[in-house]
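Q: Input: one structure, supplied below.
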Amino acid sequence: RGIVLKKILIKILPKIIGTQINAMSLWSKKTAARKAFLIFCTPRGGRIKEDQKDFLDAAKDVQLKINEKTTVQTYRWEGTGPTVLLVHGWESNAHRWWKLVNVLQKQNYNIISFDAPAHGNSTGKILNVPLYTESLQMVSQHYKPEVHVGHSIGALTTIFHYYTHQPDYIKKLVSLGAPSELSEIMKDYQNILSMNNRVMKGIDVLVQQRFGFSVDAFSGYNFARSIDVPGLIIHDLYDRITPVEASRGIHKNWKGSTYIETSGLGHSLYQDEVRNHIVEFIK
């Protein structure tokens with residue numbers, strides 16, 4: 001009975017939260033938008049699990065301060081070859097790369113990763129792409145990697161990072177299962193919580209004021225047009241988290257990109273096949 005009740009609660013809780021936010025918007029659209037956006041940016045998972053500690057503890061490197069509330073933990077597996085920086089996805093941490101790290105170590109790459117804000121051993125309570133991009137810029141400036149490899153929101157972050165900063169030391173980018181359009185992501189979020197359009201308009205104003213762009217303007221498709229280094233884009237046809245159309249669009253606008261569409265590997269793209277593609281591309 002307890003399991004059944006838990007499943008029911010998980011199913012109806014978003015609607016309850018959405019109803020509260022909708023009610024809040026009747027007297028303050030701004031307050032409702034802030035509440036909704038805070039929930040949107042708050043991960044529920046991604047902290048270090050017991051079986052992940054040894055691998056990450058052995059590789060801990062510097063901690064970099066991003067802002068007054070956030071410090072990110074970096075990891076390093078030293079090698080004499082080119083430096084590769086690995087950027088994980090939502091509610092994950094640097095441990096997700098352990099198999100790729102093992103493969104790259106055998107080829108003597110200098111491997112860097114870090115936990116996103118509010119994930120792993122990093123501090124903070126929220127994460128969004130602009131904050132993740134700011135963190136990536138700090139880490140990149142510190143280590144000067146030749147290659148960025150990103151998964152999911154980490155992949156979109158690497159694309160937005162290059163669009164924003166275009167560092168001359170980056171020679172190649174790898175994107176795994178990237179989302180693209182913030183407008184589509186927010187539409188899904190609206191549907192999950194059943195929020196009204198008044199709240200969504202408030203979120204758009206908040207995003208514009210805080211980050212300098214509208215929800216509609218934040219587009220991986222458009223960011224990809226500015227990338228002038230080779231890219232490897234991999235996305236699974238049956239990805240249930242991010243639609244395959246996202247990477248198809250990014251590839252279309254990214255001159256010099258190679259697109260590989262898998263079938264049945266899911267959103268994680270964690271298989272040997274994917275690692276082999278990555279190693280071959282960055283070789």
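Identifiers in the structure tokens: chain A, B, ... in order shown; residue index from 1 per chain; ligand index from 1 in order shown.
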Would you please give, as number ranges by chain, all residues of range 30-119 of chain A that DSSP assigns to alpha helix (DSSP H) based on the backbone?
A: A: 30-40, 53-57, 98-106
Q: Each residue of range 101-198 of chain A lying at most 12 Å from range 50-73 of chain A should get a row with its shortest atom-to-atom pair and the distance in Å to one decimal, counting only C-alpha atoms; could you produce that, ordered by chain and increasing number, as a tab-separated table?
A:
```
residue	atom	partner	partner_atom	distance
A:Val101	CA	A:Phe55	CA	10.5
A:Asn102	CA	A:Phe55	CA	10.9
A:Asn110	CA	A:Ala59	CA	11.9
A:Ile111	CA	A:Ala59	CA	10.0
A:Ile112	CA	A:Asp61	CA	9.1
A:Ser113	CA	A:Gln73	CA	8.7
A:Phe114	CA	A:Gln73	CA	5.6
A:Asp115	CA	A:Gln73	CA	5.8
A:Ala116	CA	A:Val72	CA	6.5
A:Pro117	CA	A:Val72	CA	6.1
A:Ala118	CA	A:Thr70	CA	8.1
A:His119	CA	A:Val72	CA	8.8
A:Gly120	CA	A:Gln73	CA	8.1
A:Asn121	CA	A:Gln73	CA	5.9
A:Ser122	CA	A:Val72	CA	4.4
A:Thr123	CA	A:Thr70	CA	5.2
A:Gly124	CA	A:Thr70	CA	4.9
A:Lys125	CA	A:Thr70	CA	8.4
A:Ile126	CA	A:Thr70	CA	9.3
A:Leu127	CA	A:Thr70	CA	10.2
A:Pro130	CA	A:Ile66	CA	11.8
A:Leu131	CA	A:Ile66	CA	8.6
A:Tyr132	CA	A:Ile66	CA	9.7
A:Thr133	CA	A:Ile66	CA	10.4
A:Glu134	CA	A:Ile66	CA	7.2
A:Ser135	CA	A:Ile66	CA	6.0
A:Leu136	CA	A:Ile66	CA	9.6
A:Gln137	CA	A:Ile66	CA	9.6
A:Met138	CA	A:Ile66	CA	7.2
A:Val139	CA	A:Leu64	CA	7.4
A:Ser140	CA	A:Leu64	CA	11.0
A:Gln141	CA	A:Leu64	CA	10.9
A:His142	CA	A:Leu64	CA	9.0
A:Tyr143	CA	A:Val62	CA	10.6
```
Q: A:Trp27, A:Phe213, A:Tyr163, A:Phe218: which is nearest Ser180 in chain A, counting only C-alpha atoms?
A: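 Using only C-alpha atoms, Ser180 in chain A sits closest to A:Phe218.
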Q: Residues of range 40-117 of chain A in strand (DSSP E or B) according to DSSP, as a ChimeraX atom specification?
A: /A:60-67,70-77,83-87,110-114
Q: Extract, using only C-alpha atoms, all DNA, RNA and protein residues at most 10 Å from Lys29 in chain A, discarding same-chain residues fewer than 6 positions from it, and format them as JSON, numbers by chain.
A: {"A": [21, 22, 23, 35, 198, 199, 200, 201, 202, 203]}
Q: For His251 in chain A, which residue among A:Asn222, A:Asn93, A:Gln105, A:Ser152 is the nearest when counting only C-alpha atoms?
A: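 Nearest to His251 in chain A: A:Asn222.
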